[in-house]
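Raw contents of data27.cif, mmCIF, C-alpha atoms:
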data_input
#
loop_
_atom_site.label_atom_id
_atom_site.label_comp_id
_atom_site.auth_asym_id
_atom_site.auth_seq_id
_atom_site.Cartn_x
_atom_site.Cartn_y
_atom_site.Cartn_z
CA MET S 64 0.00 0.00 0.00
CA SER S 65 1.50 3.33 -1.08
CA LEU S 66 0.75 6.16 1.35
CA THR S 67 1.62 9.81 1.67
CA ASP S 68 3.11 11.02 4.95
CA SER S 69 -0.25 12.60 5.84
CA GLN S 70 -2.14 9.38 5.18
CA GLU S 71 0.29 7.36 7.28
CA GLN S 72 0.04 9.91 10.11
CA ILE S 73 -3.75 9.64 9.98
CA LEU S 74 -3.70 5.84 9.91
CA ASP S 75 -1.29 5.71 12.84
CA ALA S 76 -3.73 7.96 14.71
CA ALA S 77 -6.63 5.69 13.74
CA MET S 78 -4.72 2.68 15.03
CA SER S 79 -4.01 4.50 18.30
CA CYS S 80 -7.69 5.36 18.69
CA ILE S 81 -8.73 1.76 18.02
CA SER S 82 -6.11 0.43 20.45
CA ARG S 83 -7.15 2.80 23.20
CA ASP S 84 -10.90 3.20 22.68
CA GLY S 85 -12.03 0.37 20.39
CA ILE S 86 -13.64 0.73 16.99
CA GLU S 87 -16.27 3.08 18.41
CA GLY S 88 -13.50 5.44 19.51
CA ALA S 89 -12.12 5.71 15.98
CA SER S 90 -14.60 8.34 14.83
CA MET S 91 -13.43 10.66 12.09
CA ARG S 92 -13.39 13.53 14.58
CA ASN S 93 -11.35 11.59 17.18
CA VAL S 94 -8.86 10.40 14.57
CA ALA S 95 -8.42 13.92 13.18
CA ARG S 96 -7.76 15.20 16.71
CA GLU S 97 -5.29 12.36 17.41
CA ALA S 98 -3.48 12.97 14.09
CA ASP S 99 -3.48 16.73 14.67
CA VAL S 100 -5.07 17.34 11.26
CA SER S 101 -8.28 19.02 10.23
CA LEU S 102 -11.41 16.95 9.72
CA GLY S 103 -11.41 18.25 6.15
CA LEU S 104 -7.92 16.86 5.47
CA LEU S 105 -8.88 13.52 6.94
CA SER S 106 -12.03 13.45 4.80
CA TYR S 107 -9.95 14.37 1.75
CA HIS S 108 -7.84 11.23 2.21
CA PHE S 109 -10.52 8.82 3.48
CA ASP S 110 -14.15 8.64 2.37
CA GLY S 111 -15.46 7.71 5.79
CA LYS S 112 -14.87 5.69 8.91
CA GLU S 113 -15.15 2.34 7.12
CA ASP S 114 -12.55 3.38 4.53
CA LEU S 115 -10.30 4.64 7.34
CA ILE S 116 -10.62 1.42 9.37
CA GLN S 117 -10.02 -0.71 6.29
CA ALA S 118 -6.85 1.23 5.44
CA ALA S 119 -5.65 1.03 9.06
CA PHE S 120 -6.16 -2.73 9.05
CA GLN S 121 -4.30 -3.01 5.75
CA LEU S 122 -1.39 -0.93 7.05
CA SER S 123 -1.12 -2.85 10.33
CA CYS S 124 -1.00 -6.16 8.46
CA ASP S 125 1.42 -4.82 5.85
CA ARG S 126 3.80 -3.80 8.64
CA VAL S 127 3.79 -7.30 10.13
CA TYR S 128 4.25 -8.81 6.68
CA ASP S 129 7.10 -6.45 5.78
CA VAL S 130 9.01 -7.04 9.02
CA THR S 131 8.48 -10.79 8.79
CA PHE S 132 9.66 -11.13 5.22
CA ALA S 133 12.56 -8.72 5.61
CA GLY S 134 13.91 -11.28 8.08
CA VAL S 135 13.13 -14.13 5.71
CA ASP S 136 14.99 -12.40 2.89
CA GLN S 137 18.08 -12.09 5.11
CA ALA S 138 18.08 -15.77 6.16
CA ASP S 139 20.89 -17.92 4.80
CA ASP S 140 19.07 -21.15 3.98
CA ALA S 141 15.61 -22.70 3.60
CA LEU S 142 15.45 -23.88 7.24
CA GLU S 143 16.27 -20.41 8.58
CA GLN S 144 13.77 -18.85 6.17
CA VAL S 145 10.96 -21.00 7.60
CA ARG S 146 12.04 -20.23 11.16
CA SER S 147 12.24 -16.51 10.41
CA CYS S 148 8.78 -16.55 8.85
CA VAL S 149 7.28 -18.33 11.86
CA ARG S 150 8.92 -15.96 14.35
CA GLY S 151 8.63 -12.71 12.36
CA PRO S 152 5.11 -11.78 13.50
CA PHE S 153 6.41 -11.93 17.10
CA HIS S 154 8.83 -9.06 16.72
CA ASP S 155 8.77 -6.83 19.81
CA ASP S 156 6.76 -4.14 17.97
CA PHE S 157 3.91 -6.61 17.49
CA LEU S 158 3.94 -7.86 21.08
CA ALA S 159 3.34 -4.37 22.47
CA ASP S 160 0.02 -3.83 24.25
CA GLU S 161 -1.06 -1.13 21.80
CA TYR S 162 -0.53 -3.36 18.77
CA LEU S 163 -2.24 -6.35 20.41
CA ALA S 164 -5.29 -4.24 21.30
CA LEU S 165 -5.40 -2.99 17.73
CA ARG S 166 -5.15 -6.50 16.32
CA ILE S 167 -7.92 -7.83 18.54
CA GLY S 168 -10.15 -4.86 17.65
CA LEU S 169 -9.58 -5.41 13.95
CA TRP S 170 -10.23 -9.15 14.21
CA ALA S 171 -13.51 -8.34 15.94
CA ILE S 172 -14.71 -5.92 13.28
CA ALA S 173 -13.68 -8.35 10.53
CA ARG S 174 -16.33 -10.73 11.88
CA THR S 175 -19.13 -8.23 11.18
CA ASP S 176 -17.86 -6.04 8.33
CA PRO S 177 -17.61 -7.72 4.90
CA ALA S 178 -15.09 -5.18 3.52
CA ILE S 179 -12.74 -5.64 6.49
CA ALA S 180 -13.27 -9.40 6.32
CA GLU S 181 -12.14 -9.33 2.68
CA VAL S 182 -8.99 -7.39 3.59
CA GLU S 183 -8.27 -9.91 6.33
CA LYS S 184 -8.87 -12.84 3.96
CA THR S 185 -6.53 -11.38 1.32
CA LEU S 186 -3.75 -10.66 3.80
CA TYR S 187 -4.16 -14.07 5.44
CA ALA S 188 -3.80 -15.75 2.04
CA ARG S 189 -0.75 -13.65 1.18
CA TYR S 190 1.10 -14.72 4.35
CA SER S 191 -0.11 -18.32 4.12
CA ASP S 192 0.95 -18.68 0.48
CA ARG S 193 4.40 -17.28 1.19
CA LEU S 194 4.90 -19.53 4.23
CA SER S 195 3.66 -22.49 2.20
CA ASP S 196 6.23 -21.72 -0.51
CA LEU S 197 8.99 -21.54 2.11
CA ILE S 198 7.89 -24.88 3.52
CA GLN S 199 8.05 -26.43 0.05
CA ASN S 200 11.50 -24.92 -0.51
CA PHE S 201 12.62 -26.57 2.71
CA ASP S 202 10.94 -29.93 2.01
CA SER S 203 10.79 -30.54 -1.73
CA ASP S 204 8.99 -33.87 -1.22
CA ILE S 205 5.89 -32.26 0.27
CA SER S 206 2.85 -31.57 -1.90
CA ALA S 207 1.52 -28.05 -2.33
CA ALA S 208 -1.66 -29.05 -0.47
CA ASP S 209 0.29 -30.46 2.48
CA ALA S 210 2.52 -27.37 2.61
CA LEU S 211 -0.58 -25.18 2.67
CA ASN S 212 -2.08 -27.31 5.46
CA ARG S 213 1.10 -26.90 7.51
CA SER S 214 1.01 -23.18 6.89
CA THR S 215 -2.60 -23.00 8.09
CA ASP S 216 -1.75 -25.02 11.20
CA VAL S 217 1.10 -22.65 12.00
CA MET S 218 -1.12 -19.61 11.59
CA VAL S 219 -3.77 -21.05 13.88
CA HIS S 220 -1.13 -21.55 16.57
CA GLN S 221 0.36 -18.10 15.97
CA ASN S 222 -3.03 -16.46 16.50
CA GLY S 223 -3.39 -18.34 19.77
CA LEU S 224 0.08 -17.24 20.83
CA TRP S 225 -0.78 -13.59 20.21
CA LEU S 226 -3.91 -13.92 22.34
CA ASN S 227 -2.06 -15.78 25.09
CA TRP S 228 0.73 -13.18 25.09
CA SER S 229 -1.81 -10.35 25.32
CA ARG S 230 -3.25 -11.94 28.44
CA TYR S 231 -0.22 -13.34 30.29
CA LYS S 232 3.02 -12.06 28.69
CA ASN S 233 4.81 -15.27 29.61
CA GLN S 234 8.05 -15.50 27.62
CA ALA S 235 8.50 -19.23 28.31
CA ASP S 236 5.02 -19.96 26.91
CA LEU S 237 5.73 -17.84 23.84
CA ASP S 238 9.09 -19.50 23.22
CA ARG S 239 7.59 -22.97 23.61
CA GLY S 240 4.68 -22.08 21.34
CA LEU S 241 6.98 -20.68 18.64
CA ALA S 242 9.09 -23.85 18.80
CA GLN S 243 5.87 -25.84 18.28
CA CYS S 244 5.01 -23.62 15.29
CA GLU S 245 8.43 -24.32 13.80
CA ARG S 246 7.91 -28.07 14.25
CA LEU S 247 4.51 -27.83 12.57
CA ALA S 248 5.99 -25.92 9.63
CA LEU S 249 8.87 -28.35 9.29
CA GLY S 250 6.69 -31.45 9.57
CA GLU S 251 8.14 -32.64 12.86
CA GLN S 252 6.07 -34.29 15.55
CA ILE S 253 5.06 -32.02 18.42
#
When written as structure tokens, how does the structure in this file appear?
Amino acid sequence: MSLTDSQEQILDAAMSCISRDGIEGASMRNVAREADVSLGLLSYHFDGKEDLIQAAFQLSCDRVYDVTFAGVDQADDALEQVRSCVRGPFHDDFLADEYLALRIGLWAIARTDPAIAEVEKTLYARYSDRLSDLIQNFDSDISAADALNRSTDVMVHQNGLWLNWSRYKNQADLDRGLAQCERLALGEQI
């Protein structure tokens, strides 16, 4: 997603409002105040609250994706690429309370808003397909369908780890869970 500095400032403000006050708190007026921009400028960039929320969701997911795959691109071999992909979404920035509150709020609205649900579905598929490709690069004997199943299993566990971290912030649980995700991705028995 290509954004101007103003748009990114506004979306960061929207994400802060959602994190702090929930979706209801992300009114156009509240976001404009948080971004320190006029309501007119916000309305110039975003057609309404739904458009704003959709763009905020897109940006938050793009940031996780970009950080995750920057690490993958720096990995030396197929094994390290899979491990980096599994651990990338658990970068410190994405374990912060503000980000976790945002993520939970966006998951919730995706259950009731078809446009947000479509954004979530597209981003989910993008990550899943890339992880699946990495799994196949690591294990050339695995079928595309089996690699995709492993990818889905990993993502299910990752979502649970984010929720568990948001509640308990137990590093040992997170480390153990990420090791389990790696074993799922690599086809090892848990």
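Each of S:Cys124, S:Ile81, S:Ala171, S:Val130 was checked against Ala188 of chain S using all atoms listed in the file; the smallest atom-to-atom distance is that of S:Cys124.
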### Task
Please write the residues picked by the PyMOL selection byres ((chain S and resi 192) around 12) on this file as a ChimeraX atom specification.
/S:148,184-191,193-199,207-215,218
Just C-alpha atoms for this one: save the residues we selected as a compact mmCIF listing (two decimals), in the coordinates of the input.
# COMPACT_ATOMS: atom_id res chain seq x y z
CA CYS S 148 8.78 -16.55 8.85
CA LYS S 184 -8.87 -12.84 3.96
CA THR S 185 -6.53 -11.38 1.32
CA LEU S 186 -3.75 -10.66 3.80
CA TYR S 187 -4.16 -14.07 5.44
CA ALA S 188 -3.80 -15.75 2.04
CA ARG S 189 -0.75 -13.65 1.18
CA TYR S 190 1.10 -14.72 4.35
CA SER S 191 -0.11 -18.32 4.12
CA ARG S 193 4.40 -17.28 1.19
CA LEU S 194 4.90 -19.53 4.23
CA SER S 195 3.66 -22.49 2.20
CA ASP S 196 6.23 -21.72 -0.51
CA LEU S 197 8.99 -21.54 2.11
CA ILE S 198 7.89 -24.88 3.52
CA GLN S 199 8.05 -26.43 0.05
CA ALA S 207 1.52 -28.05 -2.33
CA ALA S 208 -1.66 -29.05 -0.47
CA ASP S 209 0.29 -30.46 2.48
CA ALA S 210 2.52 -27.37 2.61
CA LEU S 211 -0.58 -25.18 2.67
CA ASN S 212 -2.08 -27.31 5.46
CA ARG S 213 1.10 -26.90 7.51
CA SER S 214 1.01 -23.18 6.89
CA THR S 215 -2.60 -23.00 8.09
CA MET S 218 -1.12 -19.61 11.59
### Message
Taking (-12.8, 7.3, 22.8) as a centre in this file's frame and 12 Å as the limit, can you find every polymer residue with an atom that close, using all atoms listed in the file, and give them as JSON, numbers by chain?
### Response
{"S": [77, 79, 80, 81, 82, 83, 84, 85, 86, 87, 88, 89, 90, 91, 92, 93, 94, 96, 97]}
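Interatomic distance, atom CA of Arg239 of chain S to atom CA of Ser206 of chain S: 27.3 Å.
With distances taken over all atoms listed in the file, S:Val145 is the one residue among S:Val145, S:Leu224, S:Ile179, S:Leu237 lying closest to Leu249 of chain S.
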Complete the atom set of segment 129-152 of chain S to N, CA and C atoms and return it as an mmCIF file, in the frame of the given file.
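Wrote selection00.cif, looks like this:
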data_model
loop_
_atom_site.group_PDB
_atom_site.id
_atom_site.type_symbol
_atom_site.label_atom_id
_atom_site.label_comp_id
_atom_site.auth_asym_id
_atom_site.auth_seq_id
_atom_site.Cartn_x
_atom_site.Cartn_y
_atom_site.Cartn_z
ATOM 1 N N ASP S 129 5.818 -7.009 6.207
ATOM 2 C CA ASP S 129 7.100 -6.450 5.780
ATOM 3 C C ASP S 129 8.232 -6.808 6.738
ATOM 4 N N VAL S 130 7.989 -6.690 8.044
ATOM 5 C CA VAL S 130 9.010 -7.040 9.020
ATOM 6 C C VAL S 130 9.325 -8.537 8.949
ATOM 7 N N THR S 131 8.284 -9.342 8.851
ATOM 8 C CA THR S 131 8.480 -10.790 8.790
ATOM 9 C C THR S 131 9.326 -11.182 7.591
ATOM 10 N N PHE S 132 8.978 -10.677 6.426
ATOM 11 C CA PHE S 132 9.660 -11.130 5.220
ATOM 12 C C PHE S 132 10.976 -10.410 4.967
ATOM 13 N N ALA S 133 11.218 -9.306 5.642
ATOM 14 C CA ALA S 133 12.560 -8.720 5.610
ATOM 15 C C ALA S 133 13.525 -9.691 6.296
ATOM 16 N N GLY S 134 13.090 -10.276 7.395
ATOM 17 C CA GLY S 134 13.910 -11.280 8.080
ATOM 18 C C GLY S 134 14.095 -12.534 7.252
ATOM 19 N N VAL S 135 13.042 -12.944 6.578
ATOM 20 C CA VAL S 135 13.130 -14.130 5.710
ATOM 21 C C VAL S 135 14.145 -13.883 4.606
ATOM 22 N N ASP S 136 14.098 -12.718 4.000
ATOM 23 C CA ASP S 136 14.990 -12.400 2.890
ATOM 24 C C ASP S 136 16.455 -12.351 3.325
ATOM 25 N N GLN S 137 16.706 -12.128 4.601
ATOM 26 C CA GLN S 137 18.080 -12.090 5.110
ATOM 27 C C GLN S 137 18.574 -13.449 5.577
ATOM 28 N N ALA S 138 17.689 -14.436 5.674
ATOM 29 C CA ALA S 138 18.080 -15.770 6.160
ATOM 30 C C ALA S 138 18.965 -16.468 5.133
ATOM 31 N N ASP S 139 19.879 -17.282 5.647
ATOM 32 C CA ASP S 139 20.890 -17.920 4.800
ATOM 33 C C ASP S 139 20.418 -19.158 4.060
ATOM 34 N N ASP S 140 19.494 -19.903 4.623
ATOM 35 C CA ASP S 140 19.070 -21.150 3.980
ATOM 36 C C ASP S 140 17.580 -21.375 4.193
ATOM 37 N N ALA S 141 17.050 -22.431 3.577
ATOM 38 C CA ALA S 141 15.610 -22.700 3.600
ATOM 39 C C ALA S 141 15.099 -22.938 5.027
ATOM 40 N N LEU S 142 15.859 -23.628 5.854
ATOM 41 C CA LEU S 142 15.450 -23.880 7.240
ATOM 42 C C LEU S 142 15.317 -22.561 7.996
ATOM 43 N N GLU S 143 16.314 -21.695 7.881
ATOM 44 C CA GLU S 143 16.270 -20.410 8.580
ATOM 45 C C GLU S 143 15.179 -19.496 8.019
ATOM 46 N N GLN S 144 14.860 -19.632 6.739
ATOM 47 C CA GLN S 144 13.770 -18.850 6.170
ATOM 48 C C GLN S 144 12.438 -19.235 6.803
ATOM 49 N N VAL S 145 12.196 -20.543 6.958
ATOM 50 C CA VAL S 145 10.960 -21.000 7.600
ATOM 51 C C VAL S 145 10.911 -20.502 9.039
ATOM 52 N N ARG S 146 12.001 -20.681 9.762
ATOM 53 C CA ARG S 146 12.040 -20.230 11.160
ATOM 54 C C ARG S 146 11.805 -18.728 11.273
ATOM 55 N N SER S 147 12.405 -17.966 10.393
ATOM 56 C CA SER S 147 12.240 -16.510 10.410
ATOM 57 C C SER S 147 10.791 -16.127 10.113
ATOM 58 N N CYS S 148 10.170 -16.833 9.191
ATOM 59 C CA CYS S 148 8.780 -16.550 8.850
ATOM 60 C C CYS S 148 7.851 -16.854 10.024
ATOM 61 N N VAL S 149 8.109 -17.940 10.711
ATOM 62 C CA VAL S 149 7.280 -18.330 11.860
ATOM 63 C C VAL S 149 7.439 -17.315 12.998
ATOM 64 N N ARG S 150 8.654 -16.845 13.217
ATOM 65 C CA ARG S 150 8.920 -15.960 14.350
ATOM 66 C C ARG S 150 8.723 -14.475 14.035
ATOM 67 N N GLY S 151 8.717 -14.111 12.759
ATOM 68 C CA GLY S 151 8.630 -12.710 12.360
ATOM 69 C C GLY S 151 7.458 -11.941 12.936
ATOM 70 N N PRO S 152 6.254 -12.523 12.947
ATOM 71 C CA PRO S 152 5.110 -11.780 13.500
ATOM 72 C C PRO S 152 5.212 -11.534 15.012
#
